[in-house]
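Asks: Take a look at upload-v4.txt, compact mmCIF, C-alpha atoms:
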```txt
# COMPACT_ATOMS: atom_id res chain seq x y z
CA MET A 541 -23.35 362.18 75.06
CA LYS A 542 -21.89 359.60 77.35
CA ARG A 543 -23.05 356.08 76.61
CA ARG A 544 -24.72 354.30 79.52
CA SER A 545 -23.30 350.99 80.59
CA PRO A 546 -25.77 348.08 80.54
CA LYS A 547 -27.57 347.29 83.76
CA PRO A 548 -26.16 344.32 85.65
CA TYR A 549 -28.17 341.13 85.79
CA LYS A 550 -30.32 340.69 88.86
CA ARG A 551 -29.99 337.08 89.89
CA THR A 552 -33.02 336.08 91.89
CA PHE A 553 -33.71 332.51 92.95
CA LYS A 554 -37.24 331.31 93.43
CA PHE A 555 -38.07 330.03 96.92
CA ASP A 556 -38.33 326.48 95.58
CA SER A 557 -35.16 326.54 93.50
CA PRO A 558 -33.32 323.19 93.66
CA TRP A 559 -30.12 325.09 92.88
CA LEU A 560 -30.09 326.24 96.50
CA ALA A 561 -28.86 322.71 97.21
CA GLY A 562 -25.71 323.58 95.28
CA THR A 563 -24.96 327.11 96.40
CA LYS A 564 -21.41 326.30 97.48
CA ASN A 565 -20.36 327.15 93.93
CA TYR A 566 -22.60 330.17 93.42
CA GLU A 567 -20.07 332.40 91.63
CA GLU A 568 -19.36 329.74 89.02
CA PHE A 569 -23.07 329.16 88.51
CA ARG A 570 -23.67 332.88 88.09
CA GLU A 571 -21.07 333.14 85.34
CA PHE A 572 -22.19 329.90 83.68
CA SER A 573 -25.85 330.90 83.60
CA LYS A 574 -25.15 334.45 82.44
CA ILE A 575 -23.34 333.13 79.37
CA ALA A 576 -26.12 330.58 78.72
CA HIS A 577 -28.85 333.22 79.03
CA GLU A 578 -27.12 335.62 76.69
CA LYS A 579 -26.65 332.94 74.04
CA ILE A 580 -30.28 331.88 74.30
CA ARG A 581 -31.51 335.47 74.19
CA ARG A 582 -29.51 336.33 71.08
CA SER A 583 -29.91 333.04 69.26
CA LYS A 584 -32.02 332.53 66.15
CA ASN A 585 -31.14 328.85 65.94
CA ALA A 586 -33.38 326.23 67.56
CA ARG A 587 -30.53 323.77 68.05
CA GLU A 588 -28.38 326.33 69.86
CA MET A 589 -31.23 327.37 72.18
CA VAL A 590 -31.89 323.80 73.27
CA LEU A 591 -28.22 322.90 73.67
CA GLU A 592 -27.39 325.98 75.75
CA THR A 593 -30.41 325.37 77.98
CA TRP A 594 -29.45 321.72 78.39
CA PHE A 595 -25.84 322.60 79.28
CA LEU A 596 -27.14 324.71 82.17
CA LEU A 597 -29.53 321.96 83.28
CA ASP A 598 -26.79 319.32 83.16
CA TYR A 599 -24.52 321.57 85.21
CA VAL A 600 -27.18 322.15 87.88
CA VAL A 601 -28.12 318.47 88.25
CA ARG A 602 -24.48 317.48 88.72
CA GLU A 603 -23.86 320.28 91.23
CA ILE A 604 -26.87 319.27 93.34
CA ILE A 605 -25.65 315.66 93.53
CA LEU A 606 -22.09 316.61 94.46
CA PHE A 607 -23.20 319.14 97.05
CA ALA A 608 -25.35 316.55 98.84
CA PHE A 609 -22.22 314.74 99.97
CA ASP A 610 -19.88 317.76 100.06
CA LEU A 611 -17.93 316.27 97.18
CA LYS A 612 -17.19 319.72 95.79
CA ASP A 613 -14.55 319.99 98.50
CA TYR A 614 -12.54 317.31 96.69
CA SER A 615 -12.97 318.65 93.16
CA THR A 616 -10.26 320.63 91.36
CA GLU A 617 -9.81 322.03 87.88
CA ASP A 618 -7.65 319.06 86.95
CA PHE A 619 -9.85 316.54 88.73
CA ASP A 620 -13.45 317.69 88.32
CA LEU A 621 -15.71 315.20 90.06
CA ARG A 622 -18.66 316.23 87.90
CA PHE A 623 -17.05 314.21 85.14
CA GLU A 624 -14.49 312.01 86.91
CA PHE A 625 -16.90 310.61 89.50
CA LEU A 626 -20.47 311.07 88.27
CA PRO A 627 -21.87 309.12 85.30
CA LYS A 628 -21.10 310.58 81.87
CA SER A 629 -24.74 310.25 80.84
CA PHE A 630 -27.16 313.00 81.85
CA GLU A 631 -29.97 310.47 82.14
CA GLU A 632 -27.93 308.40 84.58
CA CYS A 633 -27.24 311.51 86.68
CA LEU A 634 -30.91 312.43 86.58
CA SER A 635 -31.90 308.91 87.64
CA ALA A 636 -29.38 309.05 90.49
CA LEU A 637 -30.82 312.36 91.72
CA GLU A 638 -34.33 310.95 91.44
CA LYS A 639 -33.39 307.95 93.61
CA MET A 640 -31.59 310.20 96.08
CA THR A 641 -34.66 312.39 96.62
CA ARG A 642 -36.82 309.29 96.97
CA HIS A 643 -34.71 307.07 99.23
CA LEU A 644 -32.26 309.23 101.19
CA PRO A 645 -34.92 310.81 103.45
CA SER A 646 -35.62 307.36 104.90
CA VAL A 647 -31.99 306.87 106.01
CA LEU A 648 -31.66 307.14 109.78
CA ASP A 649 -30.75 310.65 110.84
CA ILE A 650 -28.66 309.88 113.93
CA PRO A 651 -25.51 312.01 114.34
CA ALA A 652 -22.34 309.96 114.12
CA ASN A 653 -21.07 311.32 117.42
CA TYR A 654 -23.80 309.40 119.24
CA MET A 655 -21.88 306.25 118.33
CA MET A 656 -18.59 305.20 119.86
CA GLN A 657 -15.82 306.44 117.61
CA ALA A 658 -12.49 304.67 117.20
CA PRO A 659 -10.19 303.54 114.36
CA ARG A 660 -11.00 300.26 112.64
CA SER A 661 -7.76 298.75 113.98
CA PHE A 662 -8.90 299.41 117.56
CA TRP A 663 -12.24 297.62 117.05
CA ASP A 664 -10.41 294.70 115.43
CA HIS A 665 -8.12 294.55 118.45
CA LEU A 666 -11.10 294.32 120.80
CA ARG A 667 -12.97 291.87 118.62
CA PHE A 668 -10.10 289.40 118.42
CA ASN A 669 -8.20 290.01 121.66
CA LYS A 670 -10.69 291.41 124.16
CA LYS A 671 -13.94 289.74 123.21
CA ASN A 672 -15.64 290.19 126.57
CA LEU A 673 -14.78 293.88 126.70
CA HIS A 674 -15.99 294.28 123.12
CA LYS A 675 -19.36 292.72 124.03
CA LYS A 676 -19.70 294.89 127.13
CA LEU A 677 -19.04 298.09 125.21
CA LEU A 678 -21.61 297.22 122.56
CA LYS A 679 -24.10 296.28 125.24
CA GLU A 680 -23.67 299.60 127.05
CA GLN A 681 -24.00 301.45 123.79
CA GLU A 682 -27.24 299.57 123.12
CA VAL A 683 -28.61 300.55 126.56
CA TYR A 684 -27.71 304.19 125.95
CA LEU A 685 -29.22 304.34 122.47
CA LYS A 686 -32.45 302.65 123.52
CA LYS A 687 -32.77 305.14 126.35
CA ASP A 688 -32.19 308.22 124.19
CA PHE A 689 -33.88 306.93 121.04
CA GLY A 690 -36.64 304.82 122.55
CA HIS A 691 -39.17 306.18 120.07
CA LEU A 692 -37.54 304.25 117.25
CA GLU A 693 -38.94 301.02 115.89
CA GLU A 694 -37.38 297.78 117.08
CA ASN A 695 -35.56 297.07 113.83
CA GLU A 696 -34.05 300.54 113.94
CA LYS A 697 -32.91 299.98 117.51
CA LYS A 698 -31.03 296.91 116.35
CA ILE A 699 -29.26 298.98 113.73
CA LEU A 700 -28.41 301.63 116.30
CA ALA A 701 -27.11 298.94 118.61
CA MET A 702 -24.68 297.95 115.84
CA LYS A 703 -26.18 294.46 115.54
CA SER A 704 -26.43 295.26 111.86
CA SER A 705 -24.22 297.45 109.69
CA TYR A 706 -24.95 301.10 110.38
CA VAL A 707 -24.03 304.16 108.36
CA PRO A 708 -25.32 307.46 109.78
CA LYS A 709 -26.86 309.91 107.38
CA ARG A 710 -24.20 312.08 105.76
CA VAL A 711 -26.52 314.42 103.86
CA LYS A 712 -27.40 317.69 105.58
CA ASN A 713 -31.05 318.27 106.41
CA SER A 714 -30.81 321.59 104.58
CA TRP A 715 -30.15 319.71 101.35
CA PHE A 716 -33.44 317.84 101.72
CA GLU A 717 -35.22 321.13 102.30
CA ASP A 718 -33.74 322.57 99.12
CA VAL A 719 -34.75 319.63 96.91
CA LYS A 720 -38.16 318.89 98.43
CA HIS A 721 -39.90 320.69 95.57
CA ILE A 722 -38.34 318.40 92.96
CA ASN A 723 -41.22 316.17 91.97
CA GLU A 724 -42.34 313.87 89.16
CA ASP A 725 -43.20 316.80 86.87
CA TRP A 726 -39.73 318.28 87.42
CA PHE A 727 -38.05 315.09 86.25
CA LYS A 728 -40.52 314.76 83.37
CA THR A 729 -39.64 318.24 82.10
CA ALA A 730 -35.91 317.59 82.46
CA ARG A 731 -36.20 314.35 80.50
CA ARG A 732 -38.18 316.00 77.75
CA PHE A 733 -35.43 318.57 77.35
CA ASN A 734 -32.83 315.83 77.33
CA LYS A 735 -34.69 314.08 74.51
CA ALA A 736 -34.81 317.33 72.55
CA ARG A 737 -31.11 317.80 73.23
CA ASN A 738 -30.40 314.41 71.66
CA TYR A 739 -32.19 315.53 68.51
CA ALA A 740 -30.38 318.87 68.55
CA ALA A 741 -26.99 317.20 68.96
CA HIS A 742 -27.46 314.70 66.15
CA SER A 743 -29.63 316.52 63.61
CA VAL A 744 -29.12 319.70 61.64
CA ARG A 745 -32.86 319.97 60.94
CA GLU A 746 -34.41 322.55 63.21
CA GLU A 747 -37.85 321.16 62.39
CA SER A 748 -36.96 317.96 64.26
CA VAL A 749 -35.96 319.94 67.35
CA LEU A 750 -39.12 322.06 67.30
CA LYS A 751 -41.24 318.95 66.86
CA GLN A 752 -40.09 317.68 70.28
CA PHE A 753 -42.02 320.58 71.81
CA GLY A 754 -44.98 320.34 69.46
CA LEU A 755 -43.89 323.50 67.67
CA SER A 756 -43.65 324.43 64.03
CA GLY A 757 -44.20 327.30 61.63
CA PRO A 758 -42.90 330.90 61.63
CA ASN A 759 -43.45 331.38 65.38
CA GLY A 760 -41.87 328.07 66.32
CA LYS A 761 -38.47 329.39 67.31
CA ARG A 762 -39.89 332.31 69.26
CA LEU A 763 -42.07 329.92 71.26
CA LEU A 764 -39.11 327.56 71.74
CA LYS A 765 -37.11 330.40 73.25
CA ARG A 766 -39.93 330.88 75.72
CA GLU A 767 -39.84 327.14 76.49
CA CYS A 768 -36.14 327.45 77.26
CA TYR A 769 -36.81 330.33 79.64
CA LEU A 770 -39.62 328.39 81.32
CA LEU A 771 -37.25 325.51 81.96
CA ILE A 772 -34.72 327.87 83.50
CA ASN A 773 -37.51 329.32 85.62
CA ASN A 774 -39.28 326.13 86.69
CA VAL A 775 -36.50 323.52 86.70
CA VAL A 776 -33.34 325.48 87.49
CA GLY A 777 -35.36 327.82 89.70
CA VAL A 778 -34.25 331.26 88.55
CA ASP A 779 -36.94 333.94 88.52
CA ILE A 780 -36.62 334.99 84.89
CA LYS A 781 -39.02 337.90 85.31
CA LYS A 782 -36.52 339.56 87.64
CA TRP A 783 -33.38 338.21 86.00
CA LEU A 784 -33.66 338.11 82.25
CA ARG A 785 -34.37 340.78 79.72
CA PRO A 786 -37.65 340.43 77.80
CA VAL A 787 -37.78 337.83 75.03
CA LYS A 788 -37.28 339.54 71.70
CA PRO A 789 -38.99 338.30 68.51
CA ILE A 790 -36.78 336.31 66.15
```
Can you turn what I pasted into structure tokens?
Replies:
Amino acid sequence: MKRRSPKPYKRTFKFDSPWLAGTKNYEEFREFSKIAHEKIRRSKNAREMVLETWFLLDYVVREIILFAFDLKDYSTEDFDLRFEFLPKSFEECLSALEKMTRHLPSVLDIPANYMMQAPRSFWDHLRFNKKNLHKKLLKEQEVYLKKDFGHLEENEKKILAMKSSYVPKRVKNSWFEDVKHINEDWFKTARRFNKARNYAAHSVREESVLKQFGLSGPNGKRLLKRECYLLINNVVGVDIKKWLRPVKPI
């Protein structure tokens, strides 16, 4: 009788998956998460379950940050910006993402092409050699911006008129849509897993790892495996009911 080949994984993202903010590298994520899921599914070791789950979480957080600024375009195998550019510490990356989701939406969303574009050397030339022309250009730009963006507050108009330093928003609106479901509970869960990961990385006692989740006893590791799957479902945003095989008893 011919042996059937195993069914392929069905990778289904939840509608509120923050990973959608990092889909530029989907194929790599698919392979990464498949390996992580298989190791978690087969594992009978609490430390391994937590570490493999954390590796996937760390990967996703770094991808979301890089994708916000299209930094993946500048990353190579020999110069991976996940590690060359971002903080080494997971907590620092998590804090950065938390601040990004909190503060970036308030940055002015005015396309750069609404501003006069020219090399820095040209503006220096005007500023030092053609002062009157420089002032006239800025004045006309101010008139234009006030006309087209008259709904803005006065302090924002000043920024648009280049009376203060102005940096137009570089993050795509779609990125904000993809991360809008990341809330305080999301970060709380991620930090709890990071704390458990620290125990798993520096202790050989599985009891210490289980204790971080309030687990113990003969069913502790089975319940921990479920905790790992819940993190993948709720934090990474993969629908485990449609993706993963059922959790088997340890």
Asks: If you count only C-alpha atoms, which residues fall within 12 Å of A:Lys735, apart from same-chain ones fewer than 6 positions away, as a VMD selection string?
Replies: chain A and resid 590 to 591 594 630 to 631 728 to 729 741 to 742 748 to 753
Asks: What separation in Å, quoted to one decimal, exists between atom CA of A:Arg737 and atom CA of A:Met640?
Replies: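 Distance between the two atoms: 24.1 Å.
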Asks: Step by step: start from the point (-31.8, 315.3, 103.5) in the file's coordinates, keep every protein, DNA or RNA residue that has an atom no farther than 10 Å from it, count all atoms listed in the file, and write the set as JSON, numbers by chain.
Replies: {"A": [608, 640, 641, 643, 644, 645, 646, 647, 649, 709, 710, 711, 712, 713, 714, 715, 716, 717, 718, 719, 720]}
Asks: Can you list, as a PyMOL selection string, every protein, DNA or RNA residue that comes within 10 Å of stretch 764-766 of chain A when you count only C-alpha atoms, leaving out same-chain residues fewer than 3 positions away?
Replies: chain A and resi 580-586+589-590+593+749-750+753-756+759-761+769-772+787-790
Asks: Closest to A:Arg745 among A:Glu680, A:Glu588, A:Glu624, A:Glu568, using all atoms listed in the file?
Replies: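 Result for the nearest residue to A:Arg745: A:Glu588.
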Asks: To one decimal place in Å, what is the distance between atom CA of A:Phe609 and atom CA of A:Leu685?
Replies: 25.8 Å
Asks: State, in Å with one decimal place, the distance from atom CA of A:Arg570 to atom CA of A:Ile722.
Replies: 21.2 Å
Asks: I'd like the neighbourhood of stretch 595-606 of chain A as a list in words, where a residue qualifies if any of its atoms comes within 8 Å (using only C-alpha atoms), though same-chain residues fewer than 4 positions away should be ignored.
Replies: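 Everything that qualifies: Pro558, Trp559, Ala561, Gly562, Phe572, Ser573, Ala576, Leu591, Asp610, Leu611, Lys612, Leu621, Arg622, Leu626, Phe630, Cys633, Leu634, Leu637, Ala730, Ile772, Val775 and Val776 of chain A.
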